[in-house]
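> The following block contains the structure, expressed as structure tokens.
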Amino acid sequence: MSALVLAASAVLVDGRTWLEGGGLLIASGRVVRPLVSPAAVRRAARSAPGVDVRPLVLTAGLVNAHAHLELSGLAGRLPRGGAFGPWISRLLELRAQRGARGLARDAARGAERCLATGTTLVGDLDTTGAAERGLARPPLRVRLGREVLDAQDPLRTAPALKRAGAPRPATRRLRIGLAAHAPFSASPALLQGLGRLARRHE
């Protein structure tokens with residue numbers, strides 16, 4: 001069993017436990033135990049190789065519970081402030097300019113950014129299907145909701161349900177579900193249809 005000692009400025013074990021100058025004992029890719037002090041780190045390092053990652057803090061992976069990773073490529077391109085209507089119109093315009101492939105690449109880059117900054121699990125809402133494609137490979141754990149809306153327009157209800165009901169490929173890291181957008185943008189008929197689809201997958 002290969003072992004490794006990580007020495008950090010601090011370890012955040014959970015929401016109540018903060019270890020100054022502590023570390024972790026890792027074996028076979030898993031945390032065996034936290035090392036509660038610099039002395040504990042030194043003792044463990046006598047029998048296993050050590051890596052000093054100070055001044056970093058070690059913590060469990062962070063969770064982003066509401067993301068739109070397909071929009072990562074729009075960072076810095078939307079105006080700040082102002083009314084919501086013009087802002088969302090501009091967002092939709094810029095999103096359309098990215099195209100399906102561009103949005104899928106943006107989602108993958110967004111996943112890479114999450115991992116680089118300590119986020120390892122994301123609840124992502126995918127409106128176009130681009131994130132579903134772009135997040136199939138990155139090693140980020142994703143619970144993806146196919147965001148569904150028909151803007152109370154009966155002509156849009158059936159197409160929205162068709163997309164929602166498409167096969168849901170899943171990997172060890174990517175799980176796909178359904179997410180109605182909001183009460184004002186999802187008609188009763190759409191919500192009822194989503195209920196039927198959800199029951200099929202119970």
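Order determines the names: the first chain of the structure tokens is A, the second B, and so forth; residues in each chain are numbered 1 upward, and ligands are numbered 1 upward as they are shown.
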Within 12 Å of Gln192 in chain A, counting only C-alpha atoms, which residues qualify if same-chain residues fewer than 4 places away don't, as a ChimeraX atom specification?
/A:157-158,161,180,186-188,196-199
> Would you save the residues from that selection as a short mmCIF file (atom, residue, chain, number, x, y, z; two decimals), in the first residue's frame, using N, CA, C and O atoms?

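out16.cif written:
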data_model
loop_
_atom_site.label_atom_id
_atom_site.label_comp_id
_atom_site.auth_asym_id
_atom_site.auth_seq_id
_atom_site.Cartn_x
_atom_site.Cartn_y
_atom_site.Cartn_z
N THR A 157 -44.18 23.56 -26.33
CA THR A 157 -44.25 22.54 -25.28
C THR A 157 -43.76 21.18 -25.78
O THR A 157 -42.92 20.54 -25.13
N ALA A 158 -44.26 20.73 -26.91
CA ALA A 158 -43.87 19.40 -27.42
C ALA A 158 -42.38 19.33 -27.74
O ALA A 158 -41.73 18.34 -27.34
N LEU A 161 -40.48 19.00 -24.48
CA LEU A 161 -40.60 17.66 -23.89
C LEU A 161 -39.80 16.63 -24.68
O LEU A 161 -39.25 15.69 -24.09
N ALA A 180 -37.12 22.02 -14.67
CA ALA A 180 -38.03 23.03 -15.19
C ALA A 180 -37.47 24.41 -14.83
O ALA A 180 -36.97 24.61 -13.72
N ALA A 186 -42.54 27.93 -17.53
CA ALA A 186 -42.91 26.54 -17.80
C ALA A 186 -44.41 26.39 -17.61
O ALA A 186 -44.92 26.60 -16.51
N SER A 187 -45.11 26.06 -18.66
CA SER A 187 -46.57 25.97 -18.61
C SER A 187 -47.02 24.77 -17.79
O SER A 187 -46.24 23.82 -17.58
N PRO A 188 -48.28 24.76 -17.34
CA PRO A 188 -48.79 23.56 -16.64
C PRO A 188 -48.66 22.30 -17.47
O PRO A 188 -48.32 21.23 -16.94
N ARG A 196 -44.39 13.19 -15.88
CA ARG A 196 -44.52 11.86 -16.47
C ARG A 196 -43.13 11.29 -16.81
O ARG A 196 -42.86 10.11 -16.56
N LEU A 197 -42.27 12.14 -17.39
CA LEU A 197 -40.93 11.66 -17.72
C LEU A 197 -40.16 11.28 -16.47
O LEU A 197 -39.46 10.26 -16.45
N ALA A 198 -40.28 12.09 -15.42
CA ALA A 198 -39.56 11.79 -14.18
C ALA A 198 -40.00 10.46 -13.59
O ALA A 198 -39.18 9.68 -13.09
N ARG A 199 -41.31 10.19 -13.65
CA ARG A 199 -41.80 8.94 -13.08
C ARG A 199 -41.28 7.73 -13.82
O ARG A 199 -41.08 6.66 -13.25
#
> Residues within 7 Å of Pro138 in chain A, please, as a list in words. Count only C-alpha atoms; anything in the same chain fewer than 2 positions from it doesn't count.
Ala108, Ala111, Leu135, Ala136 and Leu140 of chain A
> Please produce an output containing N, CA and C atoms for each residue in the selection, written as a compact mmCIF listing (two decimals), in the first residue's frame.

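Output contents, as saved in again_24.txt:
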# COMPACT_ATOMS: atom_id res chain seq x y z
N ALA A 108 -16.53 22.70 -21.27
CA ALA A 108 -15.35 21.93 -20.87
C ALA A 108 -14.33 22.83 -20.20
N ALA A 111 -15.42 23.62 -16.74
CA ALA A 111 -15.14 22.49 -15.85
C ALA A 111 -13.69 22.50 -15.40
N LEU A 135 -19.29 18.26 -21.17
CA LEU A 135 -18.91 17.76 -19.84
C LEU A 135 -18.80 16.25 -19.79
N ALA A 136 -18.85 15.60 -20.93
CA ALA A 136 -18.78 14.13 -20.94
C ALA A 136 -17.39 13.62 -20.57
N LEU A 140 -14.67 16.21 -13.79
CA LEU A 140 -15.46 16.94 -12.82
C LEU A 140 -16.75 16.17 -12.59
> Assign secondary structure with DSSP using the backbone only, and return the residues of range 93-189 of chain A in alpha helix (DSSP H) as number ranges by chain.
A: 93-116, 130-134, 154-164, 188-189
> At a cut-off of 9 Å, using only C-alpha atoms, what residues contact range 89-91 of chain A? Leave out same-chain residues fewer than 3 positions from it and give the result as a CSV table (one decimal) with all heavy atoms, in the first residue's frame.

chain,number,residue,atom,x,y,z
A,71,LEU,N,-22.0,28.8,-20.4
A,71,LEU,CA,-21.9,30.3,-20.6
A,71,LEU,C,-20.5,30.8,-20.1
A,71,LEU,O,-20.3,32.0,-20.1
A,71,LEU,CB,-22.9,31.0,-19.8
A,71,LEU,CG,-24.4,30.6,-20.1
A,71,LEU,CD1,-25.4,31.4,-19.2
A,71,LEU,CD2,-24.7,30.9,-21.6
A,74,LEU,N,-18.7,33.6,-22.0
A,74,LEU,CA,-19.2,34.9,-22.0
A,74,LEU,C,-18.7,35.8,-20.9
A,74,LEU,O,-19.1,36.9,-20.7
A,74,LEU,CB,-20.8,34.9,-21.9
A,74,LEU,CG,-21.5,34.0,-23.0
A,74,LEU,CD1,-23.0,34.2,-22.8
A,74,LEU,CD2,-21.0,34.4,-24.4
A,77,ARG,N,-18.2,39.7,-20.9
A,77,ARG,CA,-18.8,40.3,-22.2
A,77,ARG,C,-20.2,40.8,-22.0
A,77,ARG,O,-20.7,41.4,-22.9
A,77,ARG,CB,-18.8,39.2,-23.2
A,77,ARG,CG,-17.4,38.6,-23.5
A,77,ARG,CD,-17.4,37.6,-24.7
A,77,ARG,NE,-17.9,38.2,-25.9
A,77,ARG,CZ,-18.3,37.5,-27.0
A,77,ARG,NH1,-18.2,36.2,-26.9
A,77,ARG,NH2,-18.7,38.1,-28.1
A,78,LEU,N,-20.7,40.7,-20.8
A,78,LEU,CA,-22.1,41.2,-20.5
A,78,LEU,C,-22.0,42.5,-19.7
A,78,LEU,O,-21.2,42.6,-18.8
A,78,LEU,CB,-22.9,40.1,-19.8
A,78,LEU,CG,-23.3,39.0,-20.7
A,78,LEU,CD1,-23.8,37.8,-19.8
A,78,LEU,CD2,-24.4,39.4,-21.6
A,79,PRO,N,-22.9,43.4,-19.9
A,79,PRO,CA,-22.9,44.7,-19.2
A,79,PRO,C,-23.3,44.4,-17.7
A,79,PRO,O,-24.1,43.5,-17.4
A,79,PRO,CB,-23.9,45.5,-19.9
A,79,PRO,CG,-24.9,44.6,-20.5
A,79,PRO,CD,-24.0,43.4,-20.9
A,84,PHE,N,-33.1,43.9,-16.3
A,84,PHE,CA,-32.9,42.5,-16.6
A,84,PHE,C,-33.2,42.1,-18.1
A,84,PHE,O,-32.5,41.3,-18.7
A,84,PHE,CB,-33.7,41.6,-15.7
A,84,PHE,CG,-33.6,40.1,-15.9
A,84,PHE,CD1,-32.5,39.4,-15.6
A,84,PHE,CD2,-34.6,39.4,-16.5
A,84,PHE,CE1,-32.3,38.1,-15.8
A,84,PHE,CE2,-34.5,38.0,-16.8
A,84,PHE,CZ,-33.4,37.4,-16.4
A,85,GLY,N,-34.3,42.7,-18.6
A,85,GLY,CA,-34.7,42.4,-20.0
A,85,GLY,C,-33.6,42.6,-21.0
A,85,GLY,O,-33.2,41.7,-21.8
A,86,PRO,N,-33.0,43.8,-21.1
A,86,PRO,CA,-31.9,44.0,-22.1
A,86,PRO,C,-30.7,43.1,-21.8
A,86,PRO,O,-30.0,42.6,-22.7
A,86,PRO,CB,-31.5,45.5,-21.9
A,86,PRO,CG,-32.7,46.1,-21.3
A,86,PRO,CD,-33.4,45.0,-20.5
A,94,LEU,N,-25.3,36.7,-27.5
A,94,LEU,CA,-23.9,36.3,-27.4
A,94,LEU,C,-23.8,34.7,-27.4
A,94,LEU,O,-22.9,34.1,-28.0
A,94,LEU,CB,-23.2,36.8,-26.2
A,94,LEU,CG,-23.0,38.4,-26.2
A,94,LEU,CD1,-22.5,38.8,-24.8
A,94,LEU,CD2,-22.0,38.7,-27.3
A,95,ARG,N,-24.8,34.1,-26.7
A,95,ARG,CA,-24.8,32.6,-26.7
A,95,ARG,C,-25.0,32.1,-28.0
A,95,ARG,O,-24.3,31.1,-28.4
A,95,ARG,CB,-25.9,32.2,-25.7
A,95,ARG,CG,-25.8,30.7,-25.5
A,95,ARG,CD,-27.0,30.2,-24.6
A,95,ARG,NE,-28.2,30.3,-25.2
A,95,ARG,CZ,-29.4,30.0,-24.7
A,95,ARG,NH1,-29.4,29.6,-23.4
A,95,ARG,NH2,-30.5,30.0,-25.4
A,96,ALA,N,-25.9,32.7,-28.8
A,96,ALA,CA,-26.1,32.2,-30.2
A,96,ALA,C,-24.9,32.3,-31.1
A,96,ALA,O,-24.6,31.5,-31.9
A,96,ALA,CB,-27.3,32.9,-30.8
> Run DSSP on the backbone of this structure and report the residues of chain A it assigns to strand (DSSP E or B), as number ranges by chain.
A: 3-7, 10-12, 18-20, 23-27, 30-35, 50-52, 57-59, 62-67, 119-126, 141-148, 174-180
